[in-house]
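Participant: My file is target00.cif. It has mmCIF, C-alpha atoms:
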data_data
#
loop_
_atom_site.label_atom_id
_atom_site.label_comp_id
_atom_site.auth_asym_id
_atom_site.auth_seq_id
_atom_site.Cartn_x
_atom_site.Cartn_y
_atom_site.Cartn_z
CA MET A 16 -19.12 -7.30 0.14
CA ASP A 17 -15.97 -6.42 2.05
CA GLN A 18 -13.82 -5.35 -0.85
CA GLU A 19 -14.97 -2.57 -3.04
CA LEU A 20 -13.83 0.49 -4.89
CA LYS A 21 -14.20 3.52 -2.73
CA ARG A 22 -13.15 7.11 -2.94
CA PRO A 23 -9.82 7.36 -1.20
CA VAL A 24 -9.46 8.00 2.51
CA ARG A 25 -8.10 11.50 2.75
CA ALA A 26 -4.92 12.63 4.35
CA ARG A 27 -6.13 13.96 7.64
CA PHE A 28 -7.65 10.71 8.68
CA SER A 29 -7.29 11.16 12.40
CA ASP A 30 -7.42 13.66 15.20
CA ASP A 31 -4.16 13.87 17.12
CA SER A 32 -5.67 14.52 20.55
CA ALA A 33 -8.00 11.53 20.13
CA ASP A 34 -5.05 9.42 18.89
CA LEU A 35 -2.96 10.49 21.88
CA ALA A 36 -5.69 9.48 24.30
CA LEU A 37 -5.96 6.09 22.61
CA LEU A 38 -2.20 5.62 22.58
CA GLU A 39 -1.99 6.31 26.31
CA ARG A 40 -4.57 3.61 26.90
CA VAL A 41 -2.68 1.27 24.57
CA ALA A 42 0.48 1.92 26.59
CA ASN A 43 -1.43 0.72 29.66
CA GLY A 44 -2.29 -2.53 27.92
CA ASP A 45 -5.83 -1.63 26.85
CA ARG A 46 -6.65 -3.94 23.93
CA GLU A 47 -9.94 -2.14 23.27
CA ALA A 48 -8.02 1.09 22.63
CA LEU A 49 -5.73 -0.80 20.24
CA ARG A 50 -8.82 -1.99 18.37
CA ASP A 51 -10.10 1.59 18.07
CA LEU A 52 -6.71 2.76 16.80
CA TYR A 53 -6.66 -0.17 14.37
CA GLY A 54 -10.06 0.87 13.01
CA THR A 55 -8.86 4.42 12.42
CA TYR A 56 -5.60 3.47 10.75
CA TYR A 57 -6.40 0.23 8.93
CA HIS A 58 -7.33 1.62 5.53
CA PRO A 59 -4.82 4.51 5.42
CA LEU A 60 -2.04 2.05 6.33
CA LEU A 61 -3.32 -0.59 3.91
CA ARG A 62 -3.25 1.86 1.04
CA PHE A 63 0.14 3.31 1.97
CA ILE A 64 1.87 -0.06 2.28
CA TYR A 65 0.10 -1.32 -0.85
CA ARG A 66 1.33 1.73 -2.75
CA ILE A 67 4.90 1.04 -1.69
CA THR A 68 4.93 -2.74 -2.09
CA GLY A 69 2.38 -3.14 -4.91
CA ARG A 70 0.99 -6.27 -3.25
CA LEU A 71 -2.21 -6.58 -1.28
CA ASP A 72 -1.05 -9.60 0.71
CA LEU A 73 2.06 -7.72 1.85
CA ALA A 74 -0.06 -4.69 2.69
CA GLN A 75 -2.38 -6.77 4.88
CA GLU A 76 0.59 -8.36 6.62
CA GLY A 77 2.26 -4.97 6.96
CA VAL A 78 -0.71 -3.33 8.67
CA ASN A 79 -0.65 -5.95 11.42
CA ASP A 80 3.13 -5.71 11.72
CA VAL A 81 2.76 -1.96 12.24
CA MET A 82 0.03 -2.34 14.84
CA LEU A 83 2.10 -4.91 16.70
CA VAL A 84 4.93 -2.37 16.91
CA VAL A 85 2.44 0.24 18.12
CA TRP A 86 1.26 -2.20 20.82
CA ARG A 87 4.78 -2.95 21.99
CA SER A 88 6.31 0.54 21.61
CA SER A 89 3.48 2.86 22.63
CA ARG A 90 5.24 3.64 25.93
CA SER A 91 8.25 4.95 24.04
CA PHE A 92 6.25 7.43 21.95
CA GLY A 93 8.03 10.70 22.72
CA ARG A 94 5.50 13.18 21.27
CA ARG A 95 8.17 14.59 18.96
CA SER A 96 5.60 14.26 16.16
CA THR A 97 1.89 13.60 15.85
CA VAL A 98 0.71 10.06 16.47
CA SER A 99 -0.22 9.67 12.80
CA THR A 100 3.29 10.74 11.68
CA TRP A 101 4.83 8.26 14.12
CA ILE A 102 2.62 5.42 12.92
CA MET A 103 3.20 6.28 9.25
CA GLY A 104 6.93 6.25 9.96
CA ILE A 105 6.64 2.70 11.31
CA ALA A 106 4.59 1.78 8.25
CA TYR A 107 7.19 3.27 5.91
CA ARG A 108 9.98 1.17 7.40
CA LYS A 109 7.84 -1.98 7.48
CA ALA A 110 6.78 -1.48 3.87
CA LEU A 111 10.36 -1.08 2.67
CA LYS A 112 11.41 -4.20 4.61
CA LEU A 113 8.53 -6.23 3.21
CA LEU A 114 9.33 -5.04 -0.29
CA ALA A 115 13.03 -5.87 0.08
CA ALA A 116 12.20 -9.33 1.44
CA SER A 117 9.74 -10.05 -1.38
CA ARG A 118 12.26 -8.89 -3.99
CA ARG A 119 14.80 -11.34 -2.71
CA TRP A 120 12.43 -14.11 -3.77
CA THR A 121 10.85 -12.73 -6.89
CA THR A 122 11.63 -10.51 -9.82
CA ARG A 123 7.97 -9.79 -10.33
CA MET A 124 8.27 -6.04 -9.72
CA VAL A 125 8.69 -4.04 -12.90
CA SER A 126 12.14 -2.83 -13.83
CA ASP A 127 11.74 -1.77 -17.43
CA PRO A 128 13.39 1.44 -18.59
CA ILE A 129 11.01 4.38 -18.48
CA GLU A 130 11.38 5.11 -22.20
CA ASP A 131 10.28 1.56 -23.03
CA LEU A 132 7.24 1.90 -20.82
CA VAL A 133 6.05 5.02 -22.58
CA GLU A 134 6.60 3.40 -25.95
CA ARG A 135 4.90 0.12 -25.07
CA SER A 136 2.05 1.55 -23.06
CA PRO A 137 -1.31 0.91 -24.69
CA LEU A 138 -2.40 4.14 -23.08
CA ALA A 139 -0.60 6.51 -25.37
CA ALA A 140 -0.29 10.19 -24.64
CA GLU A 141 -2.96 11.26 -27.09
CA HIS A 142 -5.62 9.31 -25.16
CA SER A 143 -7.45 11.79 -23.04
CA HIS A 144 -10.07 9.70 -21.23
CA ASP A 145 -9.95 10.14 -17.45
CA ASP A 146 -9.81 6.41 -16.73
CA ASP A 147 -6.97 5.90 -19.17
CA LEU A 148 -4.94 8.64 -17.54
CA ARG A 149 -5.63 7.27 -14.08
CA ASP A 150 -4.45 3.87 -15.25
CA LEU A 151 -1.38 5.41 -16.83
CA LEU A 152 -0.65 7.25 -13.60
CA ASP A 153 -1.06 4.01 -11.67
CA GLU A 154 1.45 2.33 -13.94
CA ALA A 155 3.80 5.32 -13.88
CA LEU A 156 3.85 5.33 -10.08
CA ARG A 157 4.87 1.68 -10.11
CA HIS A 158 7.95 2.66 -12.08
CA LEU A 159 9.18 5.07 -9.45
CA SER A 160 11.44 3.81 -6.70
CA ALA A 161 9.65 2.91 -3.47
CA GLU A 162 11.13 5.96 -1.73
CA HIS A 163 10.01 8.30 -4.52
CA ARG A 164 6.57 6.70 -4.63
CA ALA A 165 6.20 7.21 -0.89
CA VAL A 166 7.01 10.93 -1.14
CA VAL A 167 4.47 11.43 -3.94
CA GLU A 168 1.81 9.49 -2.05
CA LEU A 169 2.47 11.22 1.28
CA THR A 170 2.38 14.65 -0.36
CA TYR A 171 -0.55 14.31 -2.69
CA PHE A 172 -2.74 11.74 -1.02
CA TYR A 173 -1.99 12.07 2.68
CA GLY A 174 -1.36 15.83 2.53
CA CYS A 175 1.86 15.73 4.55
CA SER A 176 4.23 18.66 4.79
CA TYR A 177 7.83 18.09 3.74
CA GLU A 178 8.84 18.25 7.41
CA GLU A 179 6.37 15.46 8.27
CA ILE A 180 7.64 13.35 5.37
CA ALA A 181 11.19 13.85 6.61
CA VAL A 182 10.15 12.43 10.00
CA ILE A 183 8.25 9.54 8.41
CA ALA A 184 11.13 8.64 6.09
CA ALA A 185 13.77 9.46 8.73
CA CYS A 186 15.76 11.65 6.35
CA PRO A 187 16.66 15.35 6.03
CA VAL A 188 14.06 17.68 4.49
CA ASN A 189 16.39 18.34 1.57
CA THR A 190 16.33 14.63 0.76
CA VAL A 191 12.54 14.78 0.68
CA LYS A 192 12.65 17.71 -1.74
CA THR A 193 15.25 15.96 -3.90
CA ARG A 194 13.21 12.76 -4.04
CA MET A 195 10.14 14.75 -5.02
CA PHE A 196 12.13 16.61 -7.68
CA HIS A 197 13.26 13.35 -9.28
CA ALA A 198 9.83 11.77 -8.94
CA ARG A 199 8.27 14.75 -10.69
CA ALA A 200 10.84 14.55 -13.49
CA LYS A 201 10.16 10.83 -14.04
CA LEU A 202 6.41 11.28 -13.90
CA LYS A 203 6.69 14.04 -16.48
CA THR A 204 8.39 11.59 -18.81
CA LEU A 205 5.84 8.89 -18.10
CA LEU A 206 2.81 11.16 -18.24
CA PRO A 207 3.25 13.38 -21.28
CA ALA A 208 -0.46 14.13 -21.16
CA LEU A 209 0.04 15.93 -17.89
CA GLY A 210 -0.41 19.63 -18.40
CA LYS A 211 -2.25 19.24 -21.70
CA GLY A 212 -5.68 19.22 -20.13
CA PRO A 213 -7.63 18.28 -17.05
CA LEU A 214 -6.95 14.81 -15.72
CA MET B 11 8.49 48.30 5.43
CA THR B 12 10.98 46.30 3.37
CA GLU B 13 9.99 43.76 0.74
CA PRO B 14 10.59 40.14 1.91
CA GLU B 15 13.56 38.43 0.29
CA ALA B 16 12.66 36.83 -3.03
CA LEU B 17 12.98 33.06 -3.42
CA SER B 18 15.34 31.66 -6.00
CA HIS B 19 13.67 29.87 -8.91
CA ALA B 20 15.08 26.49 -7.84
CA ARG B 21 13.82 26.81 -4.28
CA ALA B 22 10.38 27.96 -5.37
CA PHE B 23 10.19 25.14 -7.94
CA ASP B 24 11.06 22.57 -5.23
CA LEU B 25 8.32 23.84 -2.94
CA LEU B 26 5.48 23.78 -5.48
CA PRO B 27 4.12 20.33 -4.43
CA TRP B 28 3.66 21.59 -0.89
CA LEU B 29 2.11 24.83 -2.09
CA VAL B 30 -0.38 22.61 -3.91
CA ASN B 31 -1.14 20.46 -0.86
CA GLY B 32 -1.46 23.54 1.35
CA THR B 33 1.15 22.67 3.97
CA LEU B 34 3.68 25.50 3.49
CA ASP B 35 3.84 27.98 6.33
CA ALA B 36 2.56 31.49 5.58
CA THR B 37 5.98 33.00 4.88
CA GLU B 38 7.03 30.30 2.42
CA ARG B 39 3.61 30.23 0.80
CA ASP B 40 3.64 33.98 0.16
CA ALA B 41 7.19 33.87 -1.22
CA VAL B 42 6.41 30.95 -3.58
CA GLU B 43 3.18 32.55 -4.76
CA ARG B 44 5.02 35.81 -5.44
CA HIS B 45 7.61 33.95 -7.50
CA VAL B 46 4.99 32.01 -9.44
CA ARG B 47 3.31 35.24 -10.52
CA THR B 48 6.47 36.30 -12.35
CA CYS B 49 7.85 32.93 -13.54
CA ILE B 50 6.25 31.23 -16.52
CA VAL B 51 8.05 27.92 -15.83
CA CYS B 52 6.77 27.70 -12.26
CA HIS B 53 3.34 28.91 -13.34
CA ARG B 54 3.09 26.01 -15.80
CA GLU B 55 4.57 23.58 -13.28
CA LEU B 56 2.05 24.65 -10.64
CA LYS B 57 -0.79 23.82 -13.01
CA GLU B 58 0.70 20.38 -13.67
CA GLN B 59 1.25 19.71 -9.99
CA ARG B 60 -2.40 20.54 -9.26
CA GLN B 61 -3.45 18.04 -11.92
CA LEU B 62 -1.08 15.45 -10.50
CA LYS B 63 -2.47 15.95 -6.99
CA ALA B 64 -6.01 15.54 -8.30
CA ALA B 65 -5.04 12.38 -10.18
CA VAL B 66 -3.22 10.79 -7.23
CA GLY B 67 -6.11 11.67 -4.93
CA ASP B 68 -8.48 10.13 -7.42
CA GLN B 69 -6.74 6.75 -7.49
CA PRO B 70 -9.26 4.26 -6.09
CA THR B 71 -8.25 2.07 -3.19
CA ILE B 72 -8.97 -1.60 -2.69
CA HIS B 73 -10.75 -1.87 0.62
CA VAL B 74 -10.59 -5.08 2.57
CA SER B 75 -12.60 -5.43 5.74
CA ALA B 76 -10.65 -4.35 8.82
CA HIS B 77 -12.27 -6.74 11.27
CA LEU B 78 -10.67 -9.78 9.65
CA GLY B 79 -7.24 -8.22 9.94
CA LEU B 80 -8.03 -7.32 13.54
CA ALA B 81 -8.92 -10.92 14.31
CA GLU B 82 -5.53 -11.95 12.95
CA LEU B 83 -3.81 -9.29 15.07
CA ASP B 84 -5.65 -10.59 18.16
CA ARG B 85 -4.40 -14.09 17.36
CA ARG B 86 -0.83 -12.83 17.06
CA LEU B 87 -1.05 -10.87 20.30
CA ASP B 88 -2.53 -13.81 22.19
CA ALA B 89 0.07 -16.18 20.79
CA LYS B 90 3.06 -14.12 21.93
CA PRO B 91 3.14 -14.92 25.69
CA ALA B 92 3.17 -18.66 25.02
CA VAL B 93 6.10 -18.27 22.65
CA GLY B 94 7.94 -16.16 25.26
CA ARG B 95 7.57 -18.82 27.96
CA GLY B 96 8.70 -21.49 25.56
CA MET B 97 11.76 -19.51 24.59
CA ARG B 98 12.73 -18.98 28.23
CA GLU B 99 12.51 -22.71 28.92
CA TRP B 100 14.44 -23.38 25.76
CA GLY B 101 17.19 -20.99 26.89
CA GLY B 102 18.62 -23.43 29.46
CA TRP B 103 19.10 -26.13 26.86
CA SER B 104 20.21 -23.96 23.99
CA ALA B 105 23.94 -24.07 24.66
CA ALA B 106 24.09 -27.85 24.73
CA LEU B 107 21.92 -28.22 21.65
CA GLN B 108 23.44 -25.42 19.58
CA PRO B 109 25.12 -27.67 16.97
CA PHE B 110 21.82 -29.47 16.36
CA ALA B 111 20.01 -26.14 16.17
CA TYR B 112 22.18 -24.99 13.28
CA ALA B 113 21.51 -28.19 11.36
CA THR B 114 17.77 -27.93 12.06
CA ALA B 115 17.69 -24.28 10.96
CA ALA B 116 19.43 -25.17 7.72
CA GLY B 117 16.92 -27.98 7.14
CA ILE B 118 13.97 -25.70 7.81
CA ALA B 119 15.37 -23.07 5.46
CA LEU B 120 15.76 -25.67 2.71
CA LEU B 121 12.24 -26.95 3.33
CA ALA B 122 10.84 -23.40 3.24
CA PHE B 123 12.62 -22.77 -0.06
CA LEU B 124 11.21 -25.96 -1.58
CA LEU B 125 7.72 -25.09 -0.34
CA TRP B 126 8.05 -21.63 -1.82
CA LEU B 127 8.85 -23.17 -5.19
CA THR B 128 5.62 -25.17 -5.07
CA PRO B 129 2.68 -23.36 -6.73
CA LEU B 130 -0.67 -22.69 -5.03
CA PRO B 131 -2.79 -25.83 -5.79
CA GLU B 132 -1.22 -27.75 -2.93
CA ILE B 133 -4.02 -26.32 -0.78
CA GLY B 134 -6.03 -29.51 -1.17
CA ALA B 135 -9.34 -29.87 0.61
CA ASP B 136 -8.28 -28.04 3.74
CA ARG B 137 -9.84 -24.78 4.67
CA TYR B 138 -7.85 -21.96 3.13
CA GLU B 139 -7.64 -19.19 5.71
CA THR B 140 -6.19 -15.75 5.18
CA LEU B 141 -6.61 -12.35 6.72
CA ALA B 142 -9.57 -11.72 4.46
CA THR B 143 -11.32 -15.06 4.92
CA GLU B 144 -14.65 -14.74 6.66
CA THR B 145 -15.96 -17.41 8.95
CA GLY B 146 -19.39 -18.90 8.37
CA GLY B 147 -21.67 -18.76 5.34
CA PRO B 148 -21.27 -20.65 2.10
CA ALA B 149 -18.74 -19.21 -0.33
CA LYS B 150 -16.71 -20.30 -3.37
CA LEU B 151 -13.18 -19.67 -4.43
CA ILE B 152 -11.88 -19.07 -7.92
CA ASP B 153 -8.32 -18.59 -9.11
CA VAL B 154 -7.62 -15.55 -11.29
CA VAL B 155 -4.49 -14.42 -13.13
CA PHE B 156 -4.80 -10.91 -14.50
CA ALA B 157 -3.12 -9.67 -17.67
CA GLN B 158 0.15 -7.90 -17.04
CA GLN B 159 -1.18 -4.45 -17.92
CA THR B 160 -4.22 -4.74 -15.66
CA THR B 161 -4.06 -2.09 -12.98
CA ALA B 162 -5.14 -2.45 -9.37
CA ALA B 163 -8.14 -0.22 -10.09
CA GLU B 164 -9.23 -2.43 -12.99
CA MET B 165 -8.79 -5.56 -10.89
CA ALA B 166 -10.94 -4.11 -8.15
CA ALA B 167 -13.62 -2.96 -10.62
CA LEU B 168 -13.72 -6.37 -12.31
CA LEU B 169 -14.03 -8.19 -9.01
CA ALA B 170 -16.70 -5.77 -7.81
CA GLU B 171 -18.80 -6.73 -10.84
CA VAL B 172 -18.83 -10.36 -9.75
CA ASP B 173 -19.02 -9.77 -5.98
CA GLY B 174 -15.52 -11.18 -5.66
CA GLU B 175 -12.97 -10.48 -2.97
CA ILE B 176 -9.25 -11.25 -3.09
CA VAL B 177 -8.41 -13.50 -0.15
CA ALA B 178 -4.87 -14.48 -1.14
CA GLY B 179 -2.18 -13.78 -3.65
CA PRO B 180 -0.61 -12.94 -5.87
CA SER B 181 1.39 -16.15 -5.96
CA ALA B 182 4.79 -16.30 -7.61
CA VAL B 183 2.99 -16.73 -10.93
CA GLY B 184 0.59 -13.83 -10.28
CA ARG B 185 -2.42 -15.91 -9.27
CA TYR B 186 -5.03 -14.52 -6.87
CA SER B 187 -7.54 -16.56 -4.88
CA VAL B 188 -10.89 -14.80 -5.10
CA ARG B 189 -13.85 -15.53 -2.84
CA ILE B 190 -17.26 -15.11 -4.44
CA ALA B 191 -19.87 -13.69 -2.06
CA SER B 192 -22.30 -16.24 -0.65
CA GLY B 193 -25.33 -14.83 -2.51
CA ARG B 194 -23.78 -15.80 -5.89
CA ALA B 195 -22.09 -18.99 -4.89
CA ASN B 196 -24.16 -21.76 -6.45
CA ASP B 197 -22.54 -23.78 -9.20
CA ALA B 198 -24.48 -22.31 -12.12
CA GLN B 199 -23.75 -18.76 -11.01
CA LEU B 200 -20.13 -19.59 -10.43
CA LEU B 201 -19.81 -20.94 -13.98
CA LYS B 202 -21.33 -17.71 -15.30
CA ILE B 203 -18.87 -15.67 -13.30
CA VAL B 204 -15.94 -17.73 -14.58
CA ALA B 205 -17.20 -17.31 -18.16
CA ARG B 206 -17.72 -13.58 -17.64
CA LEU B 207 -14.15 -13.11 -16.39
CA ALA B 208 -12.66 -15.42 -19.00
CA ALA B 209 -14.17 -13.25 -21.74
CA ASP B 210 -12.46 -10.16 -20.38
CA SER B 211 -9.14 -9.28 -22.00
CA ARG B 212 -7.79 -8.03 -18.68
CA VAL B 213 -7.97 -11.59 -17.31
CA ARG B 214 -5.38 -14.09 -18.49
CA PHE B 215 -6.67 -17.11 -16.62
CA VAL B 216 -9.68 -17.89 -14.48
CA GLY B 217 -10.94 -21.17 -13.07
CA ARG B 218 -12.56 -22.73 -10.04
CA SER B 219 -10.13 -23.11 -7.24
CA LEU B 220 -9.07 -26.52 -6.04
CA ALA B 221 -9.75 -25.29 -2.53
CA GLU B 222 -13.25 -23.99 -1.80
CA LEU B 223 -14.57 -22.78 1.47
CA PRO B 224 -16.89 -25.23 3.21
CA PRO B 225 -20.52 -24.24 3.71
#
Take the structure I supplied and represent it as structure tokens, if you would.
Facilitator:
Amino acid sequence: MDQELKRPVRARFSDDSADLALLERVANGDREALRDLYGTYYHPLLRFIYRITGRLDLAQEGVNDVMLVVWRSSRSFGRRSTVSTWIMGIAYRKALKLLAASRRWTTRMVSDPIEDLVERSPLAAEHSHDDDLRDLLDEALRHLSAEHRAVVELTYFYGCSYEEIAVIAACPVNTVKTRMFHARAKLKTLLPALGKGPL
Amino acid sequence: MTEPEALSHARAFDLLPWLVNGTLDATERDAVERHVRTCIVCHRELKEQRQLKAAVGDQPTIHVSAHLGLAELDRRLDAKPAVGRGMREWGGWSAALQPFAYATAAGIALLAFLLWLTPLPEIGADRYETLATETGGPAKLIDVVFAQQTTAAEMAALLAEVDGEIVAGPSAVGRYSVRIASGRANDAQLLKIVARLAADSRVRFVGRSLAELPP
């Protein structure tokens, strides 16, 4: 079976020197090197774009959009960041574009006020089961803005420094810290169980 | 030796997520840790941030096979040169045909909008190919609409129980096309799977798809 629940792919999913070697080959038109790079980045990119857009079909489309940009722009990679930061930056912009395009056609994404969500959630704060809290976190993350969600995901899942996130999101480091501050505040409202025991 | 300058509470508080993920440089890390030792608010916040990191890291991911996406990427890469040549040839005629081009573009946009309004069952008997569609081997498709509160993790767990894989969706009405693995794809087993999913409160609708993959 191709689709299954797995433990997440961790932040440091690639080795920069190996990525650089592959990217140089990609810049010379080596399709085999692109395939190797694709294999390394497919699942990290799929998760990241899925987390931002909330849709698997958009995530699948987004991964290929990103790798097409990598194929076409590899010669312009200026080594001002690691290869993974550069690729995640492309993914960030693609994900936001895909999300914006999908929102023009649908109102499917949630937009309820946070207070309502907490009140209506079947997973009330007093529930302490791990799965319930994971589900509540999943739902809470959906109620953050895409930019805030990306900062949380890049920090806690991909293990990025605030400087790396600033490069990925193409914004000042203070903006990264501010987004994280607001994301934390919203999550605190949405996850009252946080801090009352182990998740 | 002088004591390093102390961080303000606000600055230390802002940096806690990156203390937790271990990416602060040594100077910042030492300064934040020193502040946390004397600040009850940051001490409590640090504990919460560690729990949050563990919870985010624990969120399961839906994995879809990479080689199918790669095949699609290959198709897109191979298709590009042909499009480029066509566009160059088109360039010489474009000025003369510009008024017609605008009308055609408007027509295509209208058609696309009307197609978008049409729900999924228009698939008919044609093969339904997506990034995640495998070639070869018998398989069956079912349509599933999950309840609104169903999380991605629950969806994945439910589908794992029935050897199902999302190959398309969600549609505008939240419908996913799910391919059942070939080993469980005879009619009797498919009916059992549909019944099993229908009985689950996290599923709002399930039924055999109008479009099934050919053997």
Participant: Could you tell me which of B:Ala205, B:Leu56, B:Ala198, B:Ala166 comes closest to chain A if we count all atoms listed in the file?
Facilitator: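 Once distances to chain A are computed over all atoms listed in the file, the minimum belongs to B:Ala166.
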Participant: Show me, as number ranges by chain, the residues of chain B whose atoms get within 8 Å of chain A, using only C-alpha atoms for the distance check.
Facilitator: B: 24-25, 27-28, 31-34, 54, 57-58, 61-76, 79-80, 82-83, 87, 141, 161-163, 166-167, 170, 173-176, 178-180, 182, 191
Participant: By how many Å are CA of Asp34 in chain A and CA of Met103 in chain A apart?
Facilitator: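 Straight-line distance from CA of Asp34 in chain A to CA of Met103 in chain A works out to 13.1 Å.
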Participant: How far is it from CA of Ser88 in chain A to CA of Arg86 in chain B, in Å with one decimal?
Facilitator: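 Straight-line distance from CA of Ser88 in chain A to CA of Arg86 in chain B works out to 15.8 Å.
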Participant: Rounded to one decimal place, report the CA of Ala200 in chain A-CA of Ser160 in chain A distance in Å.
Facilitator: 12.7 Å
Participant: Smallest atom-to-atom distance to Ala36 in chain A: which of A:Ala165, A:Val81, A:Ile64, A:Val98, using all atoms listed in the file?
Facilitator: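 Of A:Ala165, A:Val81, A:Ile64, A:Val98, the one nearest Ala36 in chain A is A:Val98, counting all atoms listed in the file.
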Participant: Val46 in chain B: which residues within 10 Å, counting all atoms listed in the file, same-chain residues fewer than 6 positions away excluded, as a list of chain:residue names?
Facilitator: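 Non-adjacent residues within range: B:His19, B:Ala22, B:Phe23, B:Leu26, B:Asp40, B:Cys52, B:His53, B:Arg54, B:Glu55, B:Leu56.
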Participant: Name the residues that the PyMOL selection byres ((chain B and resi 207) around 10) pulls out of this structure, and write them as a ChimeraX atom specification.
Facilitator: /B:154,156,168-169,171-172,201-206,208-217
